[in-house]
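A.B. asks: One file is attached below, coords.txt, containing compact mmCIF, C-alpha atoms and all ligand atoms.
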# COMPACT_ATOMS: atom_id res chain seq x y z
CA MET U 13 -64.86 148.31 67.66
CA GLY U 14 -64.93 145.27 65.38
CA LYS U 15 -61.92 144.65 63.12
CA HIS U 16 -64.13 144.65 60.03
CA LYS U 17 -65.07 148.32 60.37
CA LYS U 18 -63.91 150.54 57.56
CA LYS U 19 -61.42 153.22 58.56
CA ILE U 20 -62.71 156.76 58.22
CA LYS U 21 -60.52 158.78 55.87
CA VAL U 22 -59.76 162.29 57.05
CA ALA U 23 -58.43 165.30 55.16
CA PHE U 24 -57.07 167.93 57.58
CA VAL U 25 -56.55 171.65 56.96
CA GLY U 26 -54.75 174.23 59.13
CA CYS U 27 -51.50 172.80 60.48
CA GLY U 28 -50.87 175.46 63.14
CA ARG U 29 -50.83 175.46 66.93
CA ILE U 30 -53.91 173.32 67.65
CA SER U 31 -53.20 170.86 64.82
CA ARG U 32 -51.01 168.81 67.14
CA ASN U 33 -53.99 167.91 69.31
CA HIS U 34 -55.89 166.82 66.20
CA LEU U 35 -53.15 164.87 64.49
CA GLU U 36 -51.95 163.12 67.64
CA SER U 37 -55.53 162.19 68.53
CA MET U 38 -56.05 160.69 65.09
CA LEU U 39 -52.73 158.84 65.23
CA ALA U 40 -53.81 157.38 68.57
CA LEU U 41 -57.04 156.27 66.90
CA LYS U 42 -55.38 154.75 63.86
CA LYS U 43 -57.55 151.64 64.05
CA GLU U 44 -60.54 153.86 63.37
CA CYS U 45 -59.22 156.46 60.98
CA GLU U 46 -56.55 157.38 58.50
CA VAL U 47 -55.31 160.90 57.79
CA VAL U 48 -55.13 160.77 54.00
CA ALA U 49 -54.35 164.44 53.29
CA VAL U 50 -53.07 167.51 55.12
CA CYS U 51 -53.10 171.09 53.92
CA ASP U 52 -51.67 174.43 54.94
CA VAL U 53 -50.83 177.50 52.91
CA ASP U 54 -47.52 177.40 54.75
CA ARG U 55 -45.72 174.58 52.94
CA GLU U 56 -43.34 173.81 55.81
CA ARG U 57 -46.21 173.32 58.24
CA ALA U 58 -48.07 171.15 55.79
CA LYS U 59 -44.95 169.07 55.19
CA MET U 60 -44.39 168.64 58.90
CA ALA U 61 -47.96 167.40 59.34
CA GLY U 62 -47.49 165.12 56.35
CA GLY U 63 -44.32 163.71 57.87
CA LYS U 64 -46.10 162.99 61.12
CA THR U 65 -49.09 161.26 59.57
CA GLY U 66 -47.84 159.88 56.26
CA ALA U 67 -50.64 161.84 54.55
CA GLU U 68 -50.44 163.47 51.14
CA VAL U 69 -49.42 167.12 51.45
CA PHE U 70 -51.31 170.04 49.90
CA THR U 71 -50.94 173.80 50.06
CA ASP U 72 -54.22 174.50 48.28
CA TYR U 73 -57.44 173.59 50.04
CA ASP U 74 -59.62 173.24 46.94
CA ARG U 75 -57.02 171.00 45.34
CA MET U 76 -57.02 168.83 48.43
CA LEU U 77 -60.81 168.62 48.29
CA ALA U 78 -60.77 167.74 44.61
CA GLU U 79 -57.95 165.20 44.74
CA SER U 80 -58.29 163.39 48.04
CA ASP U 81 -60.66 160.56 48.68
CA CYS U 82 -61.90 161.32 52.19
CA ASP U 83 -65.00 160.87 54.34
CA LEU U 84 -64.39 163.79 56.70
CA VAL U 85 -62.73 167.18 56.33
CA SER U 86 -61.33 168.53 59.57
CA ILE U 87 -60.76 172.29 59.73
CA ALA U 88 -58.37 174.08 62.11
CA THR U 89 -57.66 177.27 60.16
CA PRO U 90 -58.30 180.81 61.51
CA SER U 91 -61.86 180.97 62.85
CA GLY U 92 -63.33 183.28 60.20
CA LEU U 93 -62.37 180.78 57.48
CA HIS U 94 -64.21 177.80 59.03
CA PRO U 95 -67.68 178.30 57.53
CA ASP U 96 -66.63 178.85 53.93
CA MET U 97 -64.19 175.94 54.00
CA GLY U 98 -66.87 173.78 55.61
CA VAL U 99 -69.42 174.68 52.94
CA ARG U 100 -66.96 173.70 50.19
CA ALA U 101 -66.34 170.33 51.87
CA ALA U 102 -70.07 169.70 52.36
CA GLU U 103 -70.74 170.49 48.71
CA ARG U 104 -68.39 167.66 47.83
CA GLY U 105 -70.35 165.33 50.09
CA ARG U 106 -67.78 165.19 52.91
CA HIS U 107 -68.65 165.27 56.59
CA VAL U 108 -67.31 168.43 58.24
CA LEU U 109 -65.53 168.93 61.53
CA THR U 110 -64.56 172.46 62.49
CA GLU U 111 -62.57 173.85 65.36
CA LYS U 112 -64.41 176.25 67.60
CA PRO U 113 -65.84 178.74 66.97
CA MET U 114 -67.66 177.29 63.94
CA ALA U 115 -67.91 180.83 62.53
CA ILE U 116 -67.67 184.36 63.83
CA ASP U 117 -71.03 185.57 62.54
CA LEU U 118 -74.44 183.92 62.49
CA ASP U 119 -75.11 184.20 58.74
CA SER U 120 -72.09 182.16 57.82
CA ALA U 121 -72.75 179.69 60.66
CA ASP U 122 -76.23 179.22 59.19
CA ARG U 123 -74.84 178.81 55.68
CA LEU U 124 -72.58 176.04 56.96
CA ILE U 125 -75.38 174.26 58.84
CA GLU U 126 -77.61 174.52 55.76
CA ALA U 127 -74.91 173.27 53.37
CA CYS U 128 -74.36 170.22 55.58
CA ASP U 129 -78.10 169.55 55.79
CA ASP U 130 -78.60 170.01 52.03
CA ASN U 131 -75.77 167.65 51.21
CA GLY U 132 -76.73 165.04 53.81
CA VAL U 133 -73.42 165.24 55.71
CA MET U 134 -72.74 165.66 59.41
CA LEU U 135 -71.31 168.81 60.99
CA PHE U 136 -69.20 168.58 64.14
CA VAL U 137 -67.89 171.54 66.15
CA VAL U 138 -64.98 170.84 68.50
CA LYS U 139 -66.01 171.46 72.10
CA GLN U 140 -63.55 169.14 73.72
CA ASN U 141 -64.00 170.54 77.23
CA ARG U 142 -67.40 168.87 77.43
CA LEU U 143 -65.46 165.62 77.52
CA ASN U 144 -63.22 166.49 80.48
CA ALA U 145 -63.81 164.01 83.30
CA THR U 146 -64.63 166.94 85.61
CA MET U 147 -67.22 168.36 83.23
CA ARG U 148 -68.82 164.98 82.58
CA LEU U 149 -69.28 164.56 86.32
CA LEU U 150 -70.85 168.00 86.59
CA LYS U 151 -73.13 167.35 83.62
CA SER U 152 -74.20 164.08 85.20
CA ALA U 153 -75.15 165.94 88.41
CA VAL U 154 -77.20 168.43 86.36
CA ASP U 155 -78.90 165.66 84.35
CA LYS U 156 -79.78 163.82 87.57
CA LYS U 157 -81.30 167.10 88.84
CA ARG U 158 -79.10 167.03 91.94
CA PHE U 159 -78.98 170.84 92.10
CA GLY U 160 -82.75 171.15 92.24
CA LYS U 161 -83.42 174.54 90.73
CA ILE U 162 -80.21 176.11 89.38
CA TYR U 163 -79.99 179.73 90.52
CA CYS U 164 -76.59 180.87 89.29
CA ALA U 165 -73.95 179.81 86.76
CA HIS U 166 -70.67 181.69 86.55
CA VAL U 167 -67.53 181.19 84.49
CA ASN U 168 -64.13 182.82 84.87
CA VAL U 169 -61.36 182.68 82.29
CA PHE U 170 -58.38 184.45 83.81
CA TRP U 171 -55.59 183.63 81.43
CA GLN U 172 -52.49 185.26 80.03
CA ARG U 173 -51.89 185.81 76.33
CA PRO U 174 -48.85 188.05 75.86
CA GLN U 175 -48.55 190.41 72.92
CA SER U 176 -46.22 187.86 71.30
CA TYR U 177 -49.16 185.42 71.06
CA TYR U 178 -51.18 187.97 69.05
CA ASP U 179 -48.14 188.87 66.95
CA MET U 180 -47.58 185.21 66.04
CA ALA U 181 -50.25 185.26 63.32
CA PRO U 182 -51.92 188.27 61.68
CA TRP U 183 -55.46 186.92 62.11
CA ARG U 184 -55.31 186.86 65.92
CA GLY U 185 -57.46 189.44 67.68
CA THR U 186 -58.93 190.80 64.42
CA TRP U 187 -62.67 191.26 63.91
CA ALA U 188 -62.51 189.77 60.43
CA LEU U 189 -61.04 186.39 61.40
CA ASP U 190 -60.94 185.93 65.17
CA GLY U 191 -62.60 188.15 67.78
CA GLY U 192 -61.26 188.60 71.28
CA ALA U 193 -61.21 186.92 74.67
CA LEU U 194 -64.91 186.03 74.50
CA MET U 195 -64.95 184.61 70.97
CA ASN U 196 -61.62 182.82 71.13
CA GLN U 197 -60.50 181.83 74.61
CA ALA U 198 -63.78 181.92 76.58
CA SER U 199 -65.92 180.25 73.94
CA HIS U 200 -65.63 176.79 75.55
CA TYR U 201 -66.69 178.26 78.87
CA ILE U 202 -69.65 180.05 77.34
CA ASP U 203 -70.58 176.78 75.65
CA SER U 204 -70.54 175.06 79.03
CA LEU U 205 -73.05 177.59 80.44
CA TYR U 206 -75.45 176.73 77.63
CA TRP U 207 -74.70 173.01 77.89
CA LEU U 208 -75.32 172.92 81.65
CA VAL U 209 -78.10 175.46 82.17
CA GLY U 210 -79.77 175.89 78.77
CA ASP U 211 -80.73 178.80 76.57
CA VAL U 212 -79.72 182.33 77.45
CA ALA U 213 -82.49 184.96 77.22
CA GLU U 214 -80.62 188.24 77.84
CA VAL U 215 -77.08 189.57 78.13
CA VAL U 216 -75.42 192.80 79.24
CA ALA U 217 -71.71 193.14 78.56
CA ILE U 218 -68.76 195.44 79.01
CA ALA U 219 -65.61 194.76 77.01
CA GLY U 220 -62.34 196.56 76.51
CA THR U 221 -58.93 196.30 74.93
CA LEU U 222 -56.95 197.33 77.98
CA ALA U 223 -53.42 196.34 77.12
CA ARG U 224 -52.94 194.28 73.97
CA LYS U 225 -52.55 195.80 70.53
CA THR U 226 -55.54 194.03 69.00
CA GLU U 227 -58.81 195.16 67.41
CA ALA U 228 -60.95 192.92 69.62
CA GLU U 229 -61.20 192.84 73.41
CA ASP U 230 -58.60 191.37 75.76
CA THR U 231 -60.97 191.69 78.73
CA ALA U 232 -64.75 191.42 79.19
CA SER U 233 -67.51 190.87 81.72
CA VAL U 234 -70.94 189.63 80.71
CA ALA U 235 -74.04 189.26 82.87
CA LEU U 236 -76.57 186.70 81.63
CA LYS U 237 -80.16 185.79 82.31
CA PHE U 238 -81.08 182.26 81.28
CA ALA U 239 -84.45 181.36 79.78
CA ASN U 240 -85.20 179.30 82.92
CA GLY U 241 -84.68 182.36 85.13
CA ALA U 242 -81.16 181.56 86.41
CA ILE U 243 -78.62 184.37 86.50
CA GLY U 244 -75.00 184.02 85.45
CA SER U 245 -71.83 185.71 84.31
CA VAL U 246 -68.72 185.37 82.19
CA ASN U 247 -65.53 187.13 83.25
CA ALA U 248 -62.63 186.83 80.86
CA THR U 249 -59.24 188.46 80.59
CA MET U 250 -56.05 187.58 78.76
CA LEU U 251 -54.05 189.95 80.98
CA THR U 252 -53.61 187.82 84.11
CA TYR U 253 -50.18 188.34 85.66
CA PRO U 254 -47.92 186.44 85.17
CA LYS U 255 -49.58 183.37 83.62
CA ASN U 256 -52.84 181.44 83.21
CA PHE U 257 -54.48 181.49 86.62
CA GLU U 258 -58.02 180.16 86.49
CA GLY U 259 -60.55 178.62 84.14
CA SER U 260 -63.63 177.79 86.19
CA VAL U 261 -67.34 177.06 86.24
CA VAL U 262 -69.47 177.57 89.36
CA LEU U 263 -73.03 176.28 89.64
CA LEU U 264 -75.19 177.28 92.59
CA GLY U 265 -78.52 175.54 93.03
CA GLU U 266 -81.24 174.90 95.55
CA LYS U 267 -79.60 171.68 96.76
CA GLY U 268 -76.04 171.83 95.49
CA THR U 269 -72.92 173.97 95.06
CA VAL U 270 -70.08 173.02 92.72
CA LYS U 271 -66.94 174.74 91.53
CA ILE U 272 -64.87 173.12 88.80
CA GLY U 273 -61.68 175.13 88.62
CA GLY U 274 -57.96 174.84 88.28
CA MET U 275 -56.28 176.47 85.32
CA ALA U 276 -58.76 175.02 82.83
CA ILE U 277 -61.70 173.27 84.55
CA ASN U 278 -59.42 170.38 85.42
CA ARG U 279 -60.11 170.17 89.17
CA VAL U 280 -63.18 169.76 91.31
CA GLU U 281 -62.64 172.52 93.86
CA HIS U 282 -65.96 172.25 95.63
CA TRP U 283 -68.63 169.55 95.43
CA GLU U 284 -71.54 169.64 97.82
CA PHE U 285 -75.06 168.28 97.47
CA ALA U 286 -77.94 167.73 99.86
CA ASP U 287 -78.26 164.12 98.71
CA TYR U 288 -75.58 161.45 98.18
CA ASP U 289 -75.03 159.90 94.77
CA ASP U 290 -72.50 157.26 93.69
CA ASP U 291 -70.94 159.90 91.40
CA ASP U 292 -69.51 161.47 94.57
CA LYS U 293 -66.95 158.66 94.74
CA PHE U 294 -65.31 159.87 91.53
CA ILE U 295 -64.51 163.44 92.56
CA GLU U 296 -60.87 162.82 93.34
CA GLN U 297 -60.12 160.59 90.41
CA CYS U 298 -61.51 162.90 87.79
CA ASN U 299 -59.05 165.69 88.66
CA TYR U 300 -56.16 165.83 86.24
CA ALA U 301 -53.14 167.93 85.38
CA PRO U 302 -53.64 169.32 81.89
CA PRO U 303 -50.62 169.60 79.57
CA ASN U 304 -52.03 173.02 78.53
CA VAL U 305 -55.37 174.78 78.65
CA TYR U 306 -56.66 172.67 75.73
CA GLY U 307 -56.66 169.52 77.87
CA PHE U 308 -56.95 165.96 76.61
CA GLY U 309 -60.38 166.27 75.05
CA HIS U 310 -59.59 166.11 71.32
CA GLN U 311 -59.11 162.34 71.30
CA PRO U 312 -62.44 161.46 72.93
CA TYR U 313 -63.98 164.11 70.72
CA TYR U 314 -62.71 162.33 67.59
CA GLU U 315 -63.85 158.96 69.00
CA ASN U 316 -67.35 160.35 69.18
CA VAL U 317 -67.09 161.84 65.68
CA PHE U 318 -66.03 158.51 64.18
CA ALA U 319 -68.74 156.62 66.09
CA ALA U 320 -71.32 159.16 64.91
CA ILE U 321 -70.20 158.81 61.28
CA ARG U 322 -70.48 155.02 61.61
CA GLY U 323 -74.00 155.53 62.94
CA GLU U 324 -73.19 154.17 66.39
CA ALA U 325 -73.48 157.37 68.47
CA GLN U 326 -75.06 160.78 68.56
CA PRO U 327 -72.63 163.67 67.90
CA GLU U 328 -71.33 165.32 71.11
CA THR U 329 -71.54 168.76 69.52
CA ALA U 330 -73.27 169.09 66.20
CA GLY U 331 -73.62 172.30 64.20
CA ARG U 332 -76.75 173.66 65.85
CA ASP U 333 -75.21 173.14 69.26
CA GLY U 334 -72.04 174.99 68.21
CA ARG U 335 -74.20 177.89 67.03
CA LYS U 336 -75.63 178.41 70.53
CA SER U 337 -72.42 179.69 72.15
CA LEU U 338 -71.68 181.79 69.06
CA GLU U 339 -75.04 183.52 69.43
CA ILE U 340 -74.42 184.29 73.11
CA ILE U 341 -70.99 185.76 72.28
CA LEU U 342 -72.38 187.88 69.44
CA ALA U 343 -75.14 189.15 71.74
CA ALA U 344 -72.44 190.12 74.26
CA TYR U 345 -70.49 191.97 71.56
CA LYS U 346 -73.61 193.84 70.50
CA SER U 347 -74.36 194.76 74.11
CA ALA U 348 -70.82 196.00 74.74
CA LYS U 349 -70.75 197.99 71.50
CA ASP U 350 -74.18 199.63 71.80
CA GLY U 351 -74.29 199.89 75.60
CA VAL U 352 -77.64 198.08 75.75
CA LYS U 353 -79.19 194.90 77.12
CA VAL U 354 -79.56 192.36 74.27
CA ALA U 355 -82.31 189.72 74.07
CA LEU U 356 -81.80 186.32 72.44
CA PRO U 357 -82.43 184.77 69.99
CA LEU U 358 -80.77 187.42 67.84
CA ASP U 359 -82.63 188.46 64.67
N1 LIG D 401 -60.35 173.59 70.77
C1 LIG D 401 -59.44 174.38 71.32
O1 LIG D 401 -59.24 174.38 72.52
C2 LIG D 401 -58.66 175.30 70.47
C3 LIG D 401 -57.42 175.75 70.90
C4 LIG D 401 -56.68 176.58 70.06
C5 LIG D 401 -57.21 177.01 68.85
N2 LIG D 401 -58.45 176.58 68.49
C6 LIG D 401 -59.04 177.04 67.21
O2 LIG D 401 -58.31 176.45 66.15
C7 LIG D 401 -58.21 177.36 65.05
C8 LIG D 401 -56.73 177.53 64.69
O3 LIG D 401 -56.04 178.09 65.80
P1 LIG D 401 -54.44 177.97 65.93
O4 LIG D 401 -54.09 178.57 67.23
O5 LIG D 401 -54.00 176.60 65.60
O6 LIG D 401 -54.01 178.99 64.74
P2 LIG D 401 -52.63 179.01 63.90
O7 LIG D 401 -52.53 180.37 63.29
O8 LIG D 401 -51.52 178.51 64.74
O9 LIG D 401 -52.92 177.92 62.76
C9 LIG D 401 -53.78 178.15 61.68
C10 LIG D 401 -53.13 177.54 60.44
O10 LIG D 401 -54.01 177.69 59.33
C11 LIG D 401 -53.23 177.97 58.19
N3 LIG D 401 -54.08 178.59 57.16
C12 LIG D 401 -54.53 179.86 57.12
N4 LIG D 401 -55.28 180.05 56.02
C13 LIG D 401 -55.30 178.89 55.34
C14 LIG D 401 -55.89 178.46 54.13
N5 LIG D 401 -56.66 179.28 53.39
N6 LIG D 401 -55.67 177.19 53.72
C15 LIG D 401 -54.90 176.34 54.44
N7 LIG D 401 -54.30 176.70 55.60
C16 LIG D 401 -54.51 177.96 56.05
C17 LIG D 401 -52.13 178.87 58.70
O11 LIG D 401 -51.02 178.90 57.83
C18 LIG D 401 -51.81 178.22 60.05
O12 LIG D 401 -50.78 177.27 59.95
C19 LIG D 401 -58.90 178.64 65.50
O13 LIG D 401 -60.21 178.65 65.01
C20 LIG D 401 -58.93 178.54 67.01
O14 LIG D 401 -60.03 179.20 67.60
C21 LIG D 401 -59.17 175.75 69.26
What does the file become when written as structure tokens?

C.D. replies:
Amino acid sequence: MGKHKKKIKVAFVGCGRISRNHLESMLALKKECEVVAVCDVDRERAKMAGGKTGAEVFTDYDRMLAESDCDLVSIATPSGLHPDMGVRAAERGRHVLTEKPMAIDLDSADRLIEACDDNGVMLFVVKQNRLNATMRLLKSAVDKKRFGKIYCAHVNVFWQRPQSYYDMAPWRGTWALDGGALMNQASHYIDSLYWLVGDVAEVVAIAGTLARKTEAEDTASVALKFANGAIGSVNATMLTYPKNFEGSVVLLGEKGTVKIGGMAINRVEHWEFADYDDDDKFIEQCNYAPPNVYGFGHQPYYENVFAAIRGEAQPETAGRDGRKSLEIILAAYKSAKDGVKVALPLD
């Protein structure tokens, strides 16, 4: 990046658990951006984020929007708050970045997409796993058509979230602000099915709250039929004893079989194709040890966001792309609730 480029000014809201990944990523990219304001209703958290970044501290979101001169508003509050906060930022002509999921229902996701379109601002939804070295390699194999026809695509998210995790904040596991294992923890994995294989045409799901004291599910299985005829599944539980065990994606095609696994798609566990490609040389070096299941993807995600705002790149995950995984998850919830097969797109 040339020295003359103007720094992108960011106002950040929601200084909780995932905020560290955001703030540290932006600090690492301080040649490209400046965090000018941080906000949390919890003053201590906001102050801590302010101390880290040197940004002005707010406890009221609308005041931050009114008083801070920023190009981008970055939102990491409870999921159900993302769309409304995003709409308010868009109405003030700010670009919007929201943590996943962008919303927990389609109407408010659509309102957010529309508000960004109407106000001529960009909408980014954090899907940092797409930027894992392992996933980039897999996406490259798909784009080069190395699998031939893809027959099956399966994801497993066998993690552990103890009751104390849900008790940490009242929004966790509620239908009003969060959702369960599918909407929260598995959403990146469901996104990767769409990203790798394409639109989903039908889902059948079973979900249950087997052990945690939450409204939404701690465990679910979903069978999927893709629009291109491939068949797939999502298996997710937050009850794995005694800790996170597996986060994986398996693709089975006519001419290739790949499993990206490890705790959070951080290791190529199997890589086999009929035909050689130079990508095969990178299998070993793209494995990495993640610090946690969130990985290292927020920084490259922000790099892409800043490049997209400067007009130098296409967004990695824009609003309409973020809506895709949301729709699959909502179809799965409808199927589990009504005991029926659900066709997409949803009405
Ligand atoms: N990309 C990822 O891998 C990843 C990982 C974890 C969480 N997330 C997402 O990030 C979001 C936040 O998750 P978390 O685990 O950090 O939650 P958290 O509860 O730890 O943090 C949320 C913060 O938002 C603040 N907040 C709530 N309402 C507010 C309001 N009206 N104005 C200002 N601040 C407000 C809370 O005080 C809290 O500090 C969720 O949507 C979650 O799905 C994404």

A.B. asks: What does the structure give for the distance between CA of Gly268 in chain U and CA of Tyr206 in chain U, in Å to one decimal?

C.D. replies: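 Rounded to one decimal, the two atoms are 18.5 Å apart.
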
A.B. asks: What is the distance between CA of Ile218 in chain U and CA of Ala348 in chain U, in Å to one decimal?

C.D. replies: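 According to the coordinates, CA of Ile218 in chain U and CA of Ala348 in chain U are separated by 4.8 Å.
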
A.B. asks: For a cutoff of 9 Å around the file-coordinate point (-64.7, 168.5, 54.2), which residues qualify once you count all atoms listed in the file? I'd like the result as a PDB file with C-alpha atoms, in the frame of the given file.

C.D. replies:
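Listed below is the output, out31.pdb:
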ATOM      1  CA  VAL U  22     -59.760 162.290  57.050  1.00  0.00           C
ATOM      2  CA  ALA U  23     -58.430 165.300  55.160  1.00  0.00           C
ATOM      3  CA  PHE U  24     -57.070 167.930  57.580  1.00  0.00           C
ATOM      4  CA  LEU U  77     -60.810 168.620  48.290  1.00  0.00           C
ATOM      5  CA  CYS U  82     -61.900 161.320  52.190  1.00  0.00           C
ATOM      6  CA  ASP U  83     -65.000 160.870  54.340  1.00  0.00           C
ATOM      7  CA  LEU U  84     -64.390 163.790  56.700  1.00  0.00           C
ATOM      8  CA  VAL U  85     -62.730 167.180  56.330  1.00  0.00           C
ATOM      9  CA  SER U  86     -61.330 168.530  59.570  1.00  0.00           C
ATOM     10  CA  ILE U  87     -60.760 172.290  59.730  1.00  0.00           C
ATOM     11  CA  MET U  97     -64.190 175.940  54.000  1.00  0.00           C
ATOM     12  CA  GLY U  98     -66.870 173.780  55.610  1.00  0.00           C
ATOM     13  CA  VAL U  99     -69.420 174.680  52.940  1.00  0.00           C
ATOM     14  CA  ARG U 100     -66.960 173.700  50.190  1.00  0.00           C
ATOM     15  CA  ALA U 101     -66.340 170.330  51.870  1.00  0.00           C
ATOM     16  CA  ALA U 102     -70.070 169.700  52.360  1.00  0.00           C
ATOM     17  CA  GLU U 103     -70.740 170.490  48.710  1.00  0.00           C
ATOM     18  CA  ARG U 104     -68.390 167.660  47.830  1.00  0.00           C
ATOM     19  CA  GLY U 105     -70.350 165.330  50.090  1.00  0.00           C
ATOM     20  CA  ARG U 106     -67.780 165.190  52.910  1.00  0.00           C
ATOM     21  CA  HIS U 107     -68.650 165.270  56.590  1.00  0.00           C
ATOM     22  CA  VAL U 108     -67.310 168.430  58.240  1.00  0.00           C
ATOM     23  CA  LEU U 109     -65.530 168.930  61.530  1.00  0.00           C
TER      24      LEU U 109
END

A.B. asks: How would you write, as a list of chain:residue names, the set of residues no farther than 6 Å from ligand LIG 401 (chain D) when counting only C-alpha atoms and all ligand atoms?

C.D. replies: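 Counting only what the definition allows, namely only C-alpha atoms and all ligand atoms, the set is U:Val25, U:Gly26, U:Cys27, U:Gly28, U:Arg29, U:Ile30, U:Ser31, U:Cys51, U:Asp52, U:Val53, U:Asp54, U:Tyr73, U:Ala88, U:Thr89, U:Pro90, U:Ser91, U:Glu111, U:Lys112, U:Pro113, U:Val138, U:Ala181, U:Asn196, U:Tyr306.
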
A.B. asks: Find the residue from U:Met114, U:Leu189, U:Cys128, U:Val47 that sits nearest to Gly92 in chain U; use all atoms listed in the file when measuring.

C.D. replies: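 When distances to Gly92 in chain U are compared using all atoms listed in the file, the smallest one comes from U:Leu189.
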
A.B. asks: Might you pull out every residue within 10 Å of Glu258 in chain U, with only C-alpha atoms counted and same-chain residues fewer than 4 positions away left off, and present them as a list in words?

C.D. replies: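 My reading of the contact set: Val167, Asn168, Val169, Phe170, Trp171, Gln172, Ala248, Thr252, Gly273, Gly274, Met275, Ala276, Ile277, Asn278 and Val305 of chain U.
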
A.B. asks: Excluding same-chain residues fewer than 2 positions from range 208-210 of chain U, what lies within 7 Å of it counting all atoms listed in the file, as a short mmCIF file (atom, residue, chain, number, x, y, z; two decimals) with C-alpha atoms, keeping the file's coordinate frame?

C.D. replies:
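The result, written out as part.cif:
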data_model
loop_
_atom_site.label_atom_id
_atom_site.label_comp_id
_atom_site.auth_asym_id
_atom_site.auth_seq_id
_atom_site.Cartn_x
_atom_site.Cartn_y
_atom_site.Cartn_z
CA LYS U 151 -73.13 167.35 83.62
CA VAL U 154 -77.20 168.43 86.36
CA SER U 204 -70.54 175.06 79.03
CA LEU U 205 -73.05 177.59 80.44
CA TYR U 206 -75.45 176.73 77.63
CA VAL U 212 -79.72 182.33 77.45
CA PHE U 238 -81.08 182.26 81.28
#

A.B. asks: In Å to one decimal, how far is CA of Gln311 in chain U from CA of His166 in chain U?

C.D. replies: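 Taking CA of His166 in chain U and CA of Gln311 in chain U, their separation equals 27.2 Å.
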
A.B. asks: Between U:Glu36, U:Asp287, U:Glu79, U:Asp122, which is the closest to Ala61 in chain U once you count only C-alpha atoms?

C.D. replies: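 Nearest to Ala61 in chain U: U:Glu36.
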
A.B. asks: So, with all atoms listed in the file as the atoms that count, which of U:Pro357, U:Gly307, U:Gly331, U:Pro182 lies closest to Asp129 in chain U?

C.D. replies: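 Counting all atoms listed in the file, the residue closest to Asp129 in chain U is U:Gly331.
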
A.B. asks: Excluding Pro174 in chain U and any residue of its chain fewer than 6 positions from it, enumerate the residues within 9 Å of it, using all atoms listed in the file, and give them as a ChimeraX atom specification.

C.D. replies: /U:224,250-251

A.B. asks: For Val352 in chain U, which residue out of U:Ala239, U:Asn304, U:Gly334, U:Val215 is the nearest one, using only C-alpha atoms?

C.D. replies: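 Using only C-alpha atoms, Val352 in chain U sits closest to U:Val215.
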
A.B. asks: Using all atoms listed in the file, which of U:Ser245, U:Ser260, U:Gln175, U:Thr329 sits nearest Thr226 in chain U?

C.D. replies: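 Among the listed residues, U:Gln175 lies closest to Thr226 in chain U.
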
A.B. asks: Out of U:Arg173, U:Arg322, U:Lys21, U:Lys43, which residue has the shortest atom-to-atom distance to Ala193 in chain U when counting all atoms listed in the file?

C.D. replies: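 For Ala193 in chain U, the nearest of the given residues is U:Arg173.
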
A.B. asks: Please list as a PyMOL selection string every residue within 7 Å of Glu68 in chain U, counting only C-alpha atoms and excluding residues in the same chain fewer than 5 positions away.

C.D. replies: chain U and resi 48-50+62
